[in-house]
Number of protein chains: 4
Amino acid sequence: MSQLRIAVLGVGMMGADHVARITSKITGARVTVVNDYITEKAEQIAEAVPGCRAVTDPLDAIADPDVDAIVLATPGPTHEKQLLACLEHGKPVMCEKPLTTDVVTSLEVVKREAELGKKLIQVGFMRRFDHEYEQLKALIQSGELGRPLVVHCAHRNPAVPPGFDSSMIVKDSLVHEVDVTRFLLDEEIASVQIIKPSANPAAPAGLQDPQIAIFETVSGRHIDVEVFVTTGVAYEVRTEVVGERGSAMIGLDVGLIRKAAPGRWGGQITPSFKERFSQAYDSEIQRWVNAVKAGAEKDNYIDGPGAWDGYAAAAVCAAGVRSLETGQVAEVEMVARDSIAGA
Amino acid sequence: MSQLRIAVLGVGMMGADHVARITSKITGARVTVVNDYITEKAEQIAEAVPGCRAVTDPLDAIADPDVDAIVLATPGPTHEKQLLACLEHGKPVMCEKPLTTDVVTSLEVVKREAELGKKLIQVGFMRRFDHEYEQLKALIQSGELGRPLVVHCAHRNPAVPPGFDSSMIVKDSLVHEVDVTRFLLDEEIASVQIIKPSANPAAPAGLQDPQIAIFETVSGRHIDVEVFVTTGVAYEVRTEVVGERGSAMIGLDVGLIRKAAPGRWGGQITPSFKERFSQAYDSEIQRWVNAVKAGAEKDNYIDGPGAWDGYAAAAVCAAGVRSLETGQVAEVEMVARDSIAGA
Amino acid sequence: MSQLRIAVLGVGMMGADHVARITSKITGARVTVVNDYITEKAEQIAEAVPGCRAVTDPLDAIADPDVDAIVLATPGPTHEKQLLACLEHGKPVMCEKPLTTDVVTSLEVVKREAELGKKLIQVGFMRRFDHEYEQLKALIQSGELGRPLVVHCAHRNPAVPPGFDSSMIVKDSLVHEVDVTRFLLDEEIASVQIIKPSANPAAPAGLQDPQIAIFETVSGRHIDVEVFVTTGVAYEVRTEVVGERGSAMIGLDVGLIRKAAPGRWGGQITPSFKERFSQAYDSEIQRWVNAVKAGAEKDNYIDGPGAWDGYAAAAVCAAGVRSLETGQVAEVEMVARDSIAGA
Amino acid sequence: MSQLRIAVLGVGMMGADHVARITSKITGARVTVVNDYITEKAEQIAEAVPGCRAVTDPLDAIADPDVDAIVLATPGPTHEKQLLACLEHGKPVMCEKPLTTDVVTSLEVVKREAELGKKLIQVGFMRRFDHEYEQLKALIQSGELGRPLVVHCAHRNPAVPPGFDSSMIVKDSLVHEVDVTRFLLDEEIASVQIIKPSANPAAPAGLQDPQIAIFETVSGRHIDVEVFVTTGVAYEVRTEVVGERGSAMIGLDVGLIRKAAPGRWGGQITPSFKERFSQAYDSEIQRWVNAVKAGAEKDNYIDGPGAWDGYAAAAVCAAGVRSLETGQVAEVEMVARDSIAGA
């Protein structure tokens, strides 16, 4: 299979983002079908993606022979039916949270997939893929902190859309900490307590915000979460794990910070240029590929430093080598750029 | 052009990295031809990439009708000839530094490209694509720091390969700060002074390490660079720009830190989940695409949280909503995972 | 009153520290009387302090006409009687926590002092004097964060002495956060919940550690505190205040960090050398005073840079001024230090 | 000697600060004599300090039998004569920088003190007493960084007084880095180079600001210093030491940060409450002593938490212990504060 052919169901903010992502950043896949209950939106997006068409019925999209896999970004209440259709057609599906909108139907989906004997459904808890969470998980697994005993989380949003109610803070916001806790501790949560402090006066009337959630895991570990979705300031997600032999925190805008024996706090130094500039290399090549493809328009096939920059660097380094040899200040010898038309 | 067909010339560490990058991370492009002066290496890499073949002569690779663009990762002394061949065939080329190994041939390449009237050559100064350098450049351009007056840089490597000599510290290491300075200040460097402090006893005999480079720009601005390539500790690249109205530093492992009026130091808070988890979304989808493609082998089409995780989250959130309503601790009600074979 | 004459009652670790502090760091006061239920300990300490004597009965010490004020560092169960004696004699007393060991006797002390119409009793909640807590309080009072809604605290000790039990975690450790909360929020606490997670296996048998305390204030604000006294790692006290318009944290080993509009995180830059080096000036002068007093012993009346250092600085600066004028490297011209015997 | 009797010569900003410091913060010393070439200023300050008088001639002040030691804060040009007078009378002197205003007279002072065979002169390089510099020095001495090879410094002021000229940047500002370098490296400086970048347009006309100083030590180590005294932003003093096996930086507003094997960056965790709250304990007791001395005025002998705060803490902790025992939320039981007049 050279290019995975994907149908994106639901092209609201989240789904449209996925279409753009698959089209411009993800290798080995392309979007061949899009669907939305607002037909025009789907058609508009399909037009912008080469080889993509809009399909009216989501179940048709799932069944479409041009579709190898599905990204499900439709409203939660439609998930159950669509997931079952994916299972029926044996098609892999990446399902944005929630799996379904209630426990009974979620369990039903789990059972149907289990009966098939294939793992076809992935759920969009994207924090597990965040580098900081990955590092925190790896640190826990390394045993350096000892067994985790307590987890503290903060989840702050500047604002929420109109209509966001108190239970949505639990189901749409806190749900990420539910998954993060289960991911980091590898254990189920046994009980939940929601504490309702006096509310932020800037929150919409009737919205209980902030909320404090207390989880206890099956083995008795403690997690607390502040969810505060009308801070007015910024998006902030923080998680601290306190273990028997040290603690570590992510989300302070400074990477993973650990406090552990022998009495040091701090982070990991980047070991080499590969880790330090990995993102830079990826961006450099992706932007160059894009520039080359669009180059004929303007006779410009680059998006970054050009030949002149290579020449200038050579001239400066030559002066540097002369200074290294003589111990004196060395003048940089270069032609004037405007002496070469087109340079 | 659906997929840009790329020839990678030179598949040492750098070139092999580019082959892997283009194949597994970059969308819209694939490697169709590889070349190396060690034929077996090229053949070995070609075999691992679908639709890719090894070509013995780099000039044949450039001329190959299956090649739209070239990545040049061959040794520096061969660059001039290969770059001129690229220009002759009108093919875009991404050239790893250096452009060529001396000023005269570099200028020759600049002139030949200028005569063509097309920007075909990009040079691999990848730091310009690093998010921290991009932020620093944007901060300078915003004017918040005023005009930059002074730049301090540190460039530290844990170790260098055998045979690395004092002038290579200038041409291979310091060259990055040459480009960074020109990029950030948008100005040419007028003179260079290399200061040679007493050397690190751990450095190979004869290697002048560390070196301190002093640049003066055409308009009289000052840059100093510590290059220290045998620190034994870690890779560390730091740049501080001191302007008329404030300063900013990157490379402290804590993002961009600015110090500016009114007397505050600090960084920018992430504005929303899109910026915070952009990398996570990309990784999530790319890894899912890869998992789906490989899924038939093990009947496992996921690489991340599955349906059970969606069910567990639903169960915990349901308990959360009950607690929100009752003010009491709510037990999480879930079936045992092992009661469902295959879940 | 030129020198306040202080009796220190109880010279265990805490009391002995206070004797040393008053003797070597505090101006305007001296210790004239010490007392301890272990007579030898009091006598030993008295001998080391000029003009100080040991007194056997704490009530005699309080009544002593050579005593203007009392520092109470005796065991908690004796506080009530000693505090009442201080009130009876109209003598100011600095009482280490707890005021008394129960609510009823504490209230009795409050009433007796109120009847006197004089504020004579201060309680040793020293965190209110810590610069970070002072800054946090000032930030709250400035209104920049809006009204505080939530406070998160962590209070971690590496270890506790033998015999430390679960209720002592509340009364001896958590009590600091009780005071800090009341200090920062200027409001009483209405209810307390202690959550008991599964305990640290390294904690002594029977000790519930860590403990999570949840406070609700009279107006409904939420505070949570992790108290964890057997971390094995380090002492760590952290407090974060989350307000309507921003948050601020202390105790990260990096000073006060605020997150507030317009989307910035960070700290305050030191405005001038007076704030930056205030501690250095104090230490410099105190150590010099001590050195002068002890100088005759070794004909050495300094504890810091001497005349040679002043000369060397002059020589280097003279070279600096020459370089400033000539633009060249200037050699530093100095005589050899060993050419001057005794320099 | 119970109280060292000090004459402060020169009561401009610096000298007046020293008078206040000795009077209100330093134990074991008091100011008995002040002198200034502006007689009224000296008299005004003398009046405010119990037991202190103004003396017109600085040499009389030095000779005064009521004076055990001298703090010299007069203008630099008078230092030589006054220092020699101190030596003549065998009186210890704490001399604000510079020792004298030129190399020849500085050397003369060194020789005269050496002939006496007593160390009587200390120079006011106060940075050696700053906790961060002390930690950096201790870290170097511990050997953890290996031998220091390179030192980078930044010295930034928001503004300078009128009349501050280019050579004063060397002699009054840079001189601190001269001393810091000698202190940290324990070695003399052999040469100085001042680099003059294009100046800050906000600097007064004719002032070369910023300046870059390059020092080479006798053994060939490299130091660079950016001195920039018209930043407009804040006071900032930063020093980084790069050694054979790691580096460490102070002055980032986050304490000492080291980067060393095995690839970690970070700081030292505070080991216990003694270190963490040492400053708080000192402030608590000093402020309490001051309050007790001033107490009779308002029948208030405290400056900090009072008996009510002790009672409130007891009530909250009692509720905490009940919750610990019952596992339930416990209400805090307290009388209303206004039910006790005067509480």
# chains A, B, ... in the order shown; residues from 1 in each chain; ligands from 1
>>> select_by_dssp(residues="region 130-290 of chain D", states="strand (DSSP E)", output="ChimeraX atom specification")
/D:148-156,189-195,211-217,222-228,236-243,246-250,257-260,264-268
>>> residues_around(residues="Ser283 (chain C)", least_positions_apart="6", cutoff="9 Å", atoms="only C-alpha atoms", output="PyMOL selection string")
chain D and resi 26+126+129-130
>>> write_last_selection(atoms="C-alpha atoms", output="compact mmCIF listing (two decimals), in the first residue's frame")
# COMPACT_ATOMS: atom_id res chain seq x y z
CA ILE D 26 24.73 44.55 62.05
CA MET D 126 31.04 43.16 47.94
CA PHE D 129 29.97 38.02 49.73
CA ASP D 130 26.98 37.44 47.46
>>> interface_residues(of="chain C", to="chain A", cutoff="7 Å", atoms="only C-alpha atoms", output="list in words")
Pro197, Ser198, Asn200, Gly220, Arg221, His222, Thr231, Gly232, Val233, Ala234, Glu244, Arg245, Gly246, Ala260, Ala261, Pro262 and Gly263 of chain C
>>> closest_residue(among="A:Val237, A:Leu99, A:Val8, A:Met94", to="Tyr281 (chain B)", atoms="only C-alpha atoms")
A:Met94
>>> atom_distance(atom1="CA of Leu256 (chain B)", atom2="CA of Phe273 (chain B)")
19.1 Å
>>> residues_around(residues="Ile45 (chain D)", least_positions_apart="2", cutoff="10 Å", atoms="only C-alpha atoms", output="NGL selection string")
:D and (11 or 16 or 19-20 or 33-35 or 40-43 or 47-49 or 52-54)
>>> write_last_selection(atoms="C-alpha atoms", output="short mmCIF file (atom, residue, chain, number, x, y, z; two decimals), in the first residue's frame")
data_model
loop_
_atom_site.label_atom_id
_atom_site.label_comp_id
_atom_site.auth_asym_id
_atom_site.auth_seq_id
_atom_site.Cartn_x
_atom_site.Cartn_y
_atom_site.Cartn_z
CA VAL D 11 27.88 59.93 53.98
CA ALA D 16 24.64 56.75 54.48
CA VAL D 19 25.41 54.00 58.63
CA ALA D 20 21.87 52.64 58.36
CA VAL D 33 31.41 59.26 64.36
CA VAL D 34 30.41 60.44 60.90
CA ASN D 35 32.14 62.86 58.61
CA GLU D 40 25.24 69.63 57.39
CA LYS D 41 24.78 66.20 55.88
CA ALA D 42 27.06 64.64 58.48
CA GLU D 43 25.27 66.47 61.28
CA GLU D 47 21.49 63.30 64.96
CA ALA D 48 19.46 60.31 63.85
CA VAL D 49 21.87 57.77 65.35
CA CYS D 52 26.88 59.39 67.18
CA ARG D 53 28.48 62.77 66.49
CA ALA D 54 29.70 64.57 63.38
#
>>> select_by_dssp(residues="region 24-273 of chain D", states="helix (DSSP H, G or I)", output="ChimeraX atom specification")
/D:24,39-48,58-63,76-88,103-116,126-129,131-142,166-185,273
>>> residues_around(residues="Leu324 (chain A)", least_positions_apart="3", cutoff="6 Å", atoms="only C-alpha atoms", output="VMD selection string")
(chain A and resid 321 327) or (chain B and resid 194)
>>> write_last_selection(atoms="C-alpha atoms", output="PDB file, in the first residue's frame")
ATOM      1  CA  VAL A 321      41.053  30.774   9.511  1.00  0.00           C
ATOM      2  CA  GLY A 327      46.372  35.943  15.846  1.00  0.00           C
TER       3      GLY A 327
ATOM      4  CA  ILE B 194      39.885  34.323  16.728  1.00  0.00           C
TER       5      ILE B 194
END
>>> closest_atom_pairs(of="region 13-39 of chain C", to="region 288-308 of chain C", cutoff="12 Å", atoms="only C-alpha atoms", output="CSV")
residue,atom,partner,partner_atom,distance
C:Thr23,CA,C:Asn290,CA,11.9
C:Ser24,CA,C:Asn290,CA,9.1
C:Lys25,CA,C:Asn290,CA,10.7
>>> residues_around(residues="Ala314 (chain B)", least_positions_apart="4", cutoff="7 Å", atoms="only C-alpha atoms", output="JSON, numbers by chain")
{"A": [102, 103], "B": [310, 318]}
>>> atom_distance(atom1="CA of Gly143 (chain D)", atom2="CA of Asp338 (chain C)")
27.1 Å
>>> residues_around(residues="Ala205 (chain A)", least_positions_apart="6", cutoff="12 Å", atoms="only C-alpha atoms", output="ChimeraX atom specification")
/A:162-166,199,230
>>> write_last_selection(atoms="N, CA, C and O atoms", output="short mmCIF file (atom, residue, chain, number, x, y, z; two decimals), in the first residue's frame")
data_model
loop_
_atom_site.label_atom_id
_atom_site.label_comp_id
_atom_site.auth_asym_id
_atom_site.auth_seq_id
_atom_site.Cartn_x
_atom_site.Cartn_y
_atom_site.Cartn_z
N PRO A 162 -19.48 29.49 23.93
CA PRO A 162 -20.82 29.65 24.52
C PRO A 162 -21.48 28.28 24.66
O PRO A 162 -21.28 27.39 23.80
N GLY A 163 -22.24 28.12 25.71
CA GLY A 163 -22.96 26.86 25.88
C GLY A 163 -22.19 25.79 26.63
O GLY A 163 -22.72 24.72 26.92
N PHE A 164 -20.92 26.06 26.93
CA PHE A 164 -20.11 25.09 27.67
C PHE A 164 -20.64 25.02 29.10
O PHE A 164 -20.65 26.01 29.82
N ASP A 165 -21.11 23.84 29.53
CA ASP A 165 -21.69 23.76 30.88
C ASP A 165 -20.80 22.97 31.84
O ASP A 165 -19.75 22.44 31.45
N SER A 166 -21.24 22.90 33.11
CA SER A 166 -20.38 22.33 34.16
C SER A 166 -20.01 20.88 33.88
O SER A 166 -18.89 20.45 34.18
N ALA A 199 -16.99 30.19 42.54
CA ALA A 199 -16.67 30.25 41.11
C ALA A 199 -16.02 31.56 40.72
O ALA A 199 -16.14 32.58 41.41
N THR A 230 -11.84 29.31 32.37
CA THR A 230 -12.11 30.73 32.04
C THR A 230 -11.05 31.62 32.70
O THR A 230 -11.38 32.64 33.30
#
>>> atom_distance(atom1="CA of Gly342 (chain A)", atom2="CA of His176 (chain B)")
24.7 Å
